[in-house]
Amino acid sequence: MKQSVRVRYAPSPTGHPHVGNIRTALFNWLFARRYGGSFIVRIEDTDVARKVKGAVEAILSSLRWLRLDWDEGPEVGGKYGPYFQSQRLDLYRKAAERLISQGDAYYCYCSPQRLEEMRAEQVRRKQPPGYDRHCRNLSQEERAQKEAEGVIPVVRFQTPLEGQVKFTDLIWGEVVFDHSTIDDFVLLKSDGYPTYHLASVVDDHLMEISHVLRAEEWLSSTPRHLLLYQALGFEPPQFAHLPMLLGADRAKLSKRHGAVSIVEYYEQGYLPEAMVNFLALLGWSLDDKTEILSRQELIKNFSLERVSRTAAIFNRDKLAWMNGVYIRSLTTDEFFDAAQPYLMTDELAGEALISNEKYVRALLPLVQERARTLAEVAELTQFFFVGKLDYAPDLLIGKGMTRESATQALKAGQQRLRQPEAFDAESLEAILRPLAVELGLKTGQLFGTLRVAVTGRTAAPPLFQTMSVLGKERCLRRIEASLDRLRRLSK
RNA sequence: GGCGCAUUCGUCUAGCGGUUAGGACACCUCCCUCUCAAGGAGGAGAUCACCGGUUCGAAUCCGGUAUGCGCUACCA
């Protein structure tokens with residue numbers, strides 16, 4: 001590496017950052033951390049029309065959530081600032097002017113309508129679309145004429161007509177483009193804002209970016225950028241184009257694929273570490289078997305050589321599985337801390353959290369290995385919080401049982417549970433297991449009936465632990481209620 | 001239409017001239033077991049897009065075809 005590593009994540013604040021975007025940020029961050037370089041965030045707010053309020057904050061908070069800390073950029077500053085392109089307009093304008101005076105760029109007065117018609121005609125005649133260089137050789141008089149008419153021009157790059165541009169992408173290898181396939185693209189828009197092409201080249205140079213890691217969709221634009229570097233006399237950075245992220249239908253990831261905004265993953269209760277791990281594996285791999293990698297391991301092992309060239313489909317199932325792995329790896333305290341904000345959004349769970357945190361802390365471990373997301377914890381634990389259970393009475397009658405045997409089992413259980421002082425899981429098991437034998441029931445039948453009586457569900461955490469957490473009072477009350485239900489069922 | 005790139009189980013991927021083509025998710029079976037999870041053991045699933053070459057030998061190298069994706073904006 002010729003110099004120190006400086007990479008940037010340069011999002012455009014046009015909405016919530018989606019997972020593909022964040023994956024790009026992650027790879028940049030990993031690359032910077034791996035080589036002890038700097039990770040820079042630069043906001044590319046050059047499209048006034050598409051700018052969305054709150055987008056910058058959404059981007060930054062997503063980075064914070066995933067703990068992708070930046071060394072320079074919004075909030076933290078840095079000596080290459082400002083880090084908002086809208087505050088650097090002068091720089092781009094000067095660069096554009098320099099290109100014009102050098103003869104590498106020119107003013108174009110074509111109206112949007114003319115351009116549109118031109119394109120329609122090109123498409124109709126099945127010709128490659130592109131600017132027809134109408135204004136490339138305007139005379140002094142013609143220009144003055146347009147200016148007098150009050151037409152505000154754009155600045156276009158004067159692409160060499162012949163030759164080719166060649167470069168080596170760190171991921172794709174050598175790539176070649178003929179100049180003839182590149183039209184005279186716009187550098188400066190009529191509103192005075194630069195296009196991405198100009199702005200990113202100027203800024204990457206000024207900010208001394210060493211490597212540009214960006215999505216593959218930019219690969220075809222790279223020749224234009226190289227042409228600009230050359231015309232401006234800047235040394236270009238190294239390029240590495242990351243494979244795209246696709247939806248299940250193999251189309252470019254977009255809104256209609258659902259849950260593409262990284263914010264939604266936070267809301268659904270994915271752990272940042274799981275998200276980082278999963279995203280890192282989209283287009284990168286360590287070897288033929290390692291799937292679970294900590295942040296430190298990711299940093300230690302990340303390399304561009306192991307980035308793949310094929311687009312990847314975002315596989316939600318696998319993310320959910322991985323999130324479960326990370327949830328299970330949490331300590332009980334960590335799990336409580338992580339789940340708390342999600343429980344607070346649930347009415348009953350939230351109340352319990354406030355009035356009886358100890359109870360919540362006791363019940364949470366029972367669902368920790370059953371939850372795949374934090375958001376589903378409230379649902380999994382709901383029966384711990386409700387006053388009155390609601391379920392179909394016939395659930396109480398297990399396989400091979402009758403209403404009578406269920407009633408008998410419930411009554412006997414009620415009987416026994418009144419006795420003990422100790423209501424811990426072990427004591428409960430010591431009491432209830434023999435009871436099944438006495439009643440001539442399989443443990444599955446007795447426990448199943450009790451489970452429904454006490455939780456209202458057929459699928460729940462282990463019975464004795466659950467009962468122990470619920471407490472004697474609540475258990476007896478619920479069993480009583482279940483007997484009521486069975487009685488009503490008979491009528 | 002032009003240019004560029006890609007193509008290994010449904011999905012994420014390993015592989016970089018010699019492998020029974022490996023792993024993971026999802027799916028199925030069995031075990032564990034009070035249910036659900038988790039865990040364990042298995043199974044099914046890929047003629048490596050296709051066609052030709054090079055080679056003793058090709059998923060790996062070369063050419064063509066097909067398909068897909070990206071770019072082709074005063075969007076990034």
# chains A, B, ... in the order shown; residues from 1 in each chain; ligands from 1
call {"tool": "select_by_dssp", "arguments": {"residues": "segment 142-365 of chain A", "states": "alpha helix (DSSP H)", "output": "PyMOL selection string"}}
result
chain A and resi 142-148+196-206+222-232+262-267+272-280+295-301+316-328+332-344+347-355+357-363+365
call {"tool": "residues_around", "arguments": {"residues": "C74 of chain B", "least_positions_apart": "4", "cutoff": "10 Å", "atoms": "only C-alpha atoms (C1' of nucleotides)", "output": "VMD selection string"}}
result
chain A and resid 111 to 112 153 to 156 185 to 195
call {"tool": "select_by_dssp", "arguments": {"residues": "segment 178-366 of chain A", "states": "strand (DSSP E)", "output": "VMD selection string"}}
result
chain A and resid 178 186 to 188 211 to 215 238 to 242 245 to 246 312 to 313
call {"tool": "write_last_selection", "arguments": {"atoms": "C-alpha atoms", "output": "short mmCIF file (atom, residue, chain, number, x, y, z; two decimals), in the first residue's frame"}}
result
data_model
loop_
_atom_site.label_atom_id
_atom_site.label_comp_id
_atom_site.auth_asym_id
_atom_site.auth_seq_id
_atom_site.Cartn_x
_atom_site.Cartn_y
_atom_site.Cartn_z
CA ASP A 178 -13.63 2.70 -25.35
CA VAL A 186 -22.77 16.68 -17.20
CA LEU A 187 -20.36 17.98 -14.58
CA LEU A 188 -22.23 20.94 -13.19
CA HIS A 211 -9.42 3.26 -2.06
CA VAL A 212 -12.90 3.65 -3.41
CA LEU A 213 -15.06 0.73 -2.32
CA ARG A 214 -18.51 1.11 -3.78
CA ALA A 215 -21.28 -0.96 -5.32
CA GLN A 238 -7.68 2.39 -6.31
CA PHE A 239 -11.11 1.07 -7.14
CA ALA A 240 -12.90 -1.94 -5.78
CA HIS A 241 -16.47 -2.57 -6.86
CA LEU A 242 -18.58 -4.63 -4.54
CA LEU A 245 -27.37 -7.08 -3.28
CA LEU A 246 -30.54 -8.39 -4.89
CA ALA A 312 -26.04 -11.93 -3.75
CA ILE A 313 -29.63 -12.31 -2.75
#
call {"tool": "interface_residues", "arguments": {"of": "chain A", "to": "chain B", "cutoff": "6 Å", "atoms": "only C-alpha atoms (C1' of nucleotides)", "output": "mmCIF file with N, CA, C and O atoms, in the first residue's frame"}}
result
data_model
loop_
_atom_site.group_PDB
_atom_site.id
_atom_site.type_symbol
_atom_site.label_atom_id
_atom_site.label_comp_id
_atom_site.auth_asym_id
_atom_site.auth_seq_id
_atom_site.Cartn_x
_atom_site.Cartn_y
_atom_site.Cartn_z
ATOM 1 N N LYS A 126 -33.071 2.919 -32.602
ATOM 2 C CA LYS A 126 -32.235 1.875 -31.990
ATOM 3 C C LYS A 126 -30.759 2.250 -31.997
ATOM 4 O O LYS A 126 -29.891 1.437 -32.285
ATOM 5 N N GLN A 127 -30.538 3.504 -31.687
ATOM 6 C CA GLN A 127 -29.157 3.955 -31.603
ATOM 7 C C GLN A 127 -28.809 4.124 -30.134
ATOM 8 O O GLN A 127 -29.691 4.379 -29.322
ATOM 9 N N PRO A 128 -27.545 3.979 -29.826
ATOM 10 C CA PRO A 128 -27.152 4.144 -28.423
ATOM 11 C C PRO A 128 -27.483 5.545 -27.936
ATOM 12 O O PRO A 128 -27.104 6.523 -28.596
ATOM 13 N N LYS A 189 -24.607 21.032 -12.820
ATOM 14 C CA LYS A 189 -25.995 21.208 -13.231
ATOM 15 C C LYS A 189 -26.336 22.701 -13.273
ATOM 16 O O LYS A 189 -25.594 23.522 -12.748
ATOM 17 N N GLU A 217 -22.749 -1.111 -9.316
ATOM 18 C CA GLU A 217 -23.457 -0.264 -10.260
ATOM 19 C C GLU A 217 -22.607 0.916 -10.741
ATOM 20 O O GLU A 217 -22.929 1.563 -11.716
ATOM 21 N N SER A 220 -19.423 0.884 -14.379
ATOM 22 C CA SER A 220 -19.465 1.499 -15.709
ATOM 23 C C SER A 220 -19.203 2.995 -15.689
ATOM 24 O O SER A 220 -18.960 3.590 -16.735
ATOM 25 N N ASP A 288 -14.283 -22.135 3.861
ATOM 26 C CA ASP A 288 -15.386 -22.993 3.446
ATOM 27 C C ASP A 288 -16.315 -23.390 4.579
ATOM 28 O O ASP A 288 -17.284 -24.101 4.347
ATOM 29 N N LYS A 289 -16.044 -22.957 5.812
ATOM 30 C CA LYS A 289 -16.977 -23.348 6.873
ATOM 31 C C LYS A 289 -17.331 -22.299 7.922
ATOM 32 O O LYS A 289 -18.382 -22.377 8.527
ATOM 33 N N THR A 310 -20.028 -12.080 -7.694
ATOM 34 C CA THR A 310 -21.408 -12.338 -8.103
ATOM 35 C C THR A 310 -22.405 -11.728 -7.132
ATOM 36 O O THR A 310 -22.209 -11.750 -5.919
ATOM 37 N N LYS A 318 -31.812 -16.855 6.745
ATOM 38 C CA LYS A 318 -30.502 -17.081 7.331
ATOM 39 C C LYS A 318 -30.157 -15.998 8.350
ATOM 40 O O LYS A 318 -29.528 -16.265 9.368
ATOM 41 N N ARG A 370 -35.519 -19.356 22.612
ATOM 42 C CA ARG A 370 -36.636 -19.573 21.690
ATOM 43 C C ARG A 370 -36.891 -18.383 20.783
ATOM 44 O O ARG A 370 -37.662 -18.462 19.843
ATOM 45 N N GLY A 444 -46.455 -36.772 29.310
ATOM 46 C CA GLY A 444 -46.808 -35.821 28.263
ATOM 47 C C GLY A 444 -48.255 -35.370 28.367
ATOM 48 O O GLY A 444 -48.581 -34.212 28.121
ATOM 49 N N PHE A 447 -48.639 -33.233 31.819
ATOM 50 C CA PHE A 447 -47.927 -31.961 31.699
ATOM 51 C C PHE A 447 -48.545 -31.081 30.609
ATOM 52 O O PHE A 447 -48.591 -29.867 30.720
ATOM 53 N N THR A 458 -50.130 -24.624 23.795
ATOM 54 C CA THR A 458 -49.582 -25.979 23.723
ATOM 55 C C THR A 458 -48.072 -25.945 23.560
ATOM 56 O O THR A 458 -47.394 -26.922 23.808
ATOM 57 N N ALA A 459 -47.566 -24.817 23.115
ATOM 58 C CA ALA A 459 -46.120 -24.661 22.976
ATOM 59 C C ALA A 459 -45.659 -23.530 23.878
ATOM 60 O O ALA A 459 -46.081 -22.398 23.713
ATOM 61 N N ALA A 460 -44.832 -23.872 24.822
ATOM 62 C CA ALA A 460 -44.362 -22.878 25.781
ATOM 63 C C ALA A 460 -43.039 -23.350 26.369
ATOM 64 O O ALA A 460 -42.605 -24.472 26.099
#
call {"tool": "atom_distance", "arguments": {"atom1": "atom C1' of U47 of chain B", "atom2": "atom C1' of A21 of chain B"}}
result
12.3 Å
call {"tool": "atom_distance", "arguments": {"atom1": "atom CA of Tyr109 of chain A", "atom2": "atom CA of Gln158 of chain A"}}
result
14.5 Å
call {"tool": "residues_around", "arguments": {"residues": "segment 476-490 of chain A", "least_positions_apart": "5", "cutoff": "12 Å", "atoms": "only C-alpha atoms (C1' of nucleotides)", "output": "ChimeraX atom specification"}}
result
/A:383-384,386-397,402-419,423,449-456,467-468,470-471
call {"tool": "closest_residue", "arguments": {"among": "A:Asp169, A:Phe314, A:Tyr106, A:Leu161", "to": "Leu138 of chain A", "atoms": "only C-alpha atoms"}}
result
A:Tyr106
call {"tool": "residues_around", "arguments": {"residues": "U29 of chain B", "least_positions_apart": "2", "cutoff": "12 Å", "atoms": "only C-alpha atoms (C1' of nucleotides)", "output": "number ranges by chain"}}
result
B: 27, 31, 41-44
call {"tool": "atom_distance", "arguments": {"atom1": "atom C1' of U65 of chain B", "atom2": "atom C1' of C51 of chain B"}}
result
7.2 Å
call {"tool": "residues_around", "arguments": {"residues": "Pro236 of chain A", "least_positions_apart": "3", "cutoff": "9 Å", "atoms": "only C-alpha atoms (C1' of nucleotides)", "output": "ChimeraX atom specification"}}
result
/A:201,204-205,209-210,225-226,229-230,239
